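Shown next: coords.txt, given as compact mmCIF, C-alpha atoms.
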```txt
# COMPACT_ATOMS: atom_id res chain seq x y z
CA MET P 144 139.64 89.13 114.60
CA LEU P 145 139.41 92.70 113.33
CA LYS P 146 143.12 92.65 112.55
CA PHE P 147 142.67 89.41 110.61
CA LEU P 148 139.91 90.99 108.53
CA GLY P 149 141.82 94.24 108.15
CA VAL P 150 139.03 96.35 109.63
CA SER P 151 139.39 99.15 112.15
CA ARG P 152 137.33 99.21 115.33
CA SER P 153 135.62 102.42 114.35
CA GLY P 154 134.78 101.00 110.92
CA TYR P 155 133.26 97.90 112.50
CA ARG P 156 131.21 99.99 114.94
CA ALA P 157 130.03 102.21 112.09
CA PHE P 158 128.95 99.09 110.18
CA LEU P 159 126.94 97.83 113.17
CA ASN P 160 125.15 101.16 113.62
CA ARG P 161 124.49 101.74 109.90
CA LYS P 162 120.85 102.10 108.92
CA VAL P 163 119.31 100.24 106.00
CA SER P 164 119.27 102.43 102.88
CA PRO P 165 115.95 103.41 101.27
CA THR P 166 116.95 101.48 98.15
CA ARG P 167 117.41 98.25 100.09
CA GLN P 168 114.14 98.85 101.93
CA ARG P 169 112.27 99.29 98.63
CA LYS P 170 113.91 96.21 97.14
CA ALA P 171 112.91 94.10 100.13
CA ALA P 172 109.33 95.41 99.99
CA ILE P 173 109.06 94.67 96.27
CA LYS P 174 110.45 91.17 96.79
CA ARG P 175 107.77 90.54 99.43
CA GLN P 176 105.10 91.73 96.98
CA ILE P 177 106.53 89.53 94.21
CA GLN P 178 106.46 86.50 96.50
CA ARG P 179 102.86 87.23 97.53
CA ILE P 180 101.68 87.64 93.93
CA TYR P 181 103.60 84.51 92.89
CA ASP P 182 102.04 82.45 95.68
CA ASP P 183 98.54 83.82 95.02
CA SER P 184 98.83 82.72 91.39
CA ASN P 185 99.66 79.15 92.47
CA GLN P 186 103.22 79.71 91.22
CA ASN P 187 102.09 80.23 87.62
CA TYR P 188 102.83 83.92 87.01
CA GLY P 189 106.11 84.97 85.45
CA ALA P 190 107.80 88.36 85.31
CA PRO P 191 105.39 89.92 82.75
CA LYS P 192 102.22 89.18 84.72
CA ILE P 193 103.80 90.01 88.08
CA THR P 194 104.96 93.33 86.60
CA LYS P 195 101.39 94.09 85.51
CA GLU P 196 100.09 93.30 88.99
CA LEU P 197 102.73 95.52 90.62
CA ARG P 198 101.91 98.37 88.26
CA LYS P 199 98.20 98.01 89.12
CA ALA P 200 99.22 98.39 92.75
CA GLY P 201 100.97 101.68 91.88
CA GLU P 202 104.57 100.46 91.77
CA CYS P 203 106.79 101.87 89.01
CA ILE P 204 108.99 98.93 88.02
CA SER P 205 110.25 97.31 84.83
CA GLN P 206 109.74 93.74 83.75
CA ARG P 207 113.50 93.25 83.62
CA THR P 208 113.86 94.27 87.27
CA VAL P 209 111.07 91.90 88.31
CA GLY P 210 112.80 89.09 86.42
CA LYS P 211 116.10 89.89 88.11
CA TYR P 212 114.50 89.87 91.56
CA MET P 213 112.77 86.58 90.77
CA ARG P 214 116.11 85.00 89.80
CA GLU P 215 117.66 86.29 93.04
CA MET P 216 114.78 84.73 94.96
CA GLY P 217 115.09 81.47 93.04
CA ILE P 218 111.52 81.39 91.73
CA LYS P 219 110.30 80.55 88.23
CA ALA P 220 106.91 80.52 86.54
```
This entry written out as structure tokens:
Amino acid sequence: MLKFLGVSRSGYRAFLNRKVSPTRQRKAAIKRQIQRIYDDSNQNYGAPKITKELRKAGECISQRTVGKYMREMGIKA
């Protein structure tokens, strides 16, 4: 199967043992916070209000990024 995919054994093993990057960890944590805030607002809050809530919690994030994450998650106000 590795030959079919064009991947070496060592490359596949390296992929399996690779740790999750800090950027991906932060993105996942922010998405969890967005989902929590969205659910607590009875699915009414959009990106501007969620951004305000995240900033109150000490997160440095832009409204555009929150909107992008919301689209990736498939949620709308």
Residue nearest Lys192 in chain P among P:Phe158, P:Arg167, P:Ala220, P:Glu215 (counting only C-alpha atoms):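 The closest residue to Lys192 in chain P is P:Ala220.
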Measuring between all atoms listed in the file, which one of P:Leu159, P:Met144, P:Met213, P:Val150 shows the shortest distance to Ile180 in chain P? P:Met213
For CA of Pro165 in chain P and CA of Asp183 in chain P, quote the distance in Å rounded to one decimal.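 Answer for the CA of Pro165 in chain P to CA of Asp183 in chain P separation: 26.9 Å.
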12 Å contact set for Gln206 in chain P, only C-alpha atoms, chain neighbours under 4 positions out, as a list of chain:residue names: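 Counting only the stated atoms, we get P:Ile177, P:Gly189, P:Ala190, P:Pro191, P:Lys192, P:Ile193, P:Thr194, P:Lys195, P:Glu196, P:Leu197, P:Arg198, P:Glu202, P:Gly210, P:Lys211, P:Tyr212, P:Met213.
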Among the residues P:Leu148, P:Ile173, P:Ala157, P:Ile218, the one that comes closest to Ser205 in chain P [using all atoms listed in the file]: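 So, comparing all the options, the nearest one is P:Ile173.
When only C-alpha atoms are used to measure the gap to Gln176 in chain P, the shortest distance among P:Ser164, P:Arg207, P:Ala200, P:Gly217 belongs to P:Ala200.
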Mind giving me the straight-line distance from CA of Lys219 in chain P to CA of Tyr188 in chain P in Å, one decimal? 8.3 Å
Missing atoms in range 185-205 of chain P should be modelled up to N, CA and C atoms and reported as a tab-separated table (two decimals), in the coordinates of the input.
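So the final result, stored in out_4.tsv, reads:
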```tsv
chain	number	residue	atom	x	y	z
P	185	ASN	N	99.30	80.57	92.43
P	185	ASN	CA	99.66	79.15	92.47
P	185	ASN	C	100.97	78.88	91.72
P	186	GLN	N	101.87	79.80	91.81
P	186	GLN	CA	103.22	79.71	91.22
P	186	GLN	C	103.19	79.58	89.70
P	187	ASN	N	102.22	80.25	89.07
P	187	ASN	CA	102.09	80.23	87.62
P	187	ASN	C	102.60	81.51	86.96
P	188	TYR	N	102.49	82.65	87.62
P	188	TYR	CA	102.83	83.92	87.01
P	188	TYR	C	104.34	84.06	86.85
P	189	GLY	N	104.73	84.63	85.70
P	189	GLY	CA	106.11	84.97	85.45
P	189	GLY	C	106.32	86.46	85.61
P	190	ALA	N	107.46	86.95	85.16
P	190	ALA	CA	107.80	88.36	85.31
P	190	ALA	C	106.80	89.29	84.62
P	191	PRO	N	106.32	88.97	83.40
P	191	PRO	CA	105.39	89.92	82.75
P	191	PRO	C	104.10	90.13	83.53
P	192	LYS	N	103.49	89.04	83.99
P	192	LYS	CA	102.22	89.18	84.72
P	192	LYS	C	102.43	89.78	86.10
P	193	ILE	N	103.52	89.42	86.75
P	193	ILE	CA	103.80	90.01	88.08
P	193	ILE	C	104.05	91.51	87.93
P	194	THR	N	104.73	91.91	86.85
P	194	THR	CA	104.96	93.33	86.60
P	194	THR	C	103.64	94.06	86.43
P	195	LYS	N	102.71	93.48	85.69
P	195	LYS	CA	101.39	94.09	85.51
P	195	LYS	C	100.67	94.25	86.84
P	196	GLU	N	100.75	93.23	87.68
P	196	GLU	CA	100.09	93.30	88.99
P	196	GLU	C	100.73	94.39	89.87
P	197	LEU	N	102.05	94.49	89.83
P	197	LEU	CA	102.73	95.52	90.62
P	197	LEU	C	102.37	96.92	90.12
P	198	ARG	N	102.27	97.06	88.81
P	198	ARG	CA	101.91	98.37	88.26
P	198	ARG	C	100.47	98.73	88.62
P	199	LYS	N	99.57	97.75	88.67
P	199	LYS	CA	98.20	98.01	89.12
P	199	LYS	C	98.19	98.50	90.55
P	200	ALA	N	99.13	98.00	91.35
P	200	ALA	CA	99.22	98.39	92.75
P	200	ALA	C	99.91	99.74	92.92
P	201	GLY	N	100.37	100.35	91.80
P	201	GLY	CA	100.97	101.68	91.88
P	201	GLY	C	102.48	101.69	91.92
P	202	GLU	N	103.11	100.57	91.74
P	202	GLU	CA	104.57	100.46	91.77
P	202	GLU	C	105.12	100.76	90.37
P	203	CYS	N	106.16	101.56	90.29
P	203	CYS	CA	106.79	101.87	89.01
P	203	CYS	C	108.03	100.98	88.90
P	204	ILE	N	107.92	99.91	88.10
P	204	ILE	CA	108.99	98.93	88.02
P	204	ILE	C	108.98	98.30	86.63
P	205	SER	N	110.16	97.92	86.15
P	205	SER	CA	110.25	97.31	84.83
P	205	SER	C	110.18	95.79	84.92
```
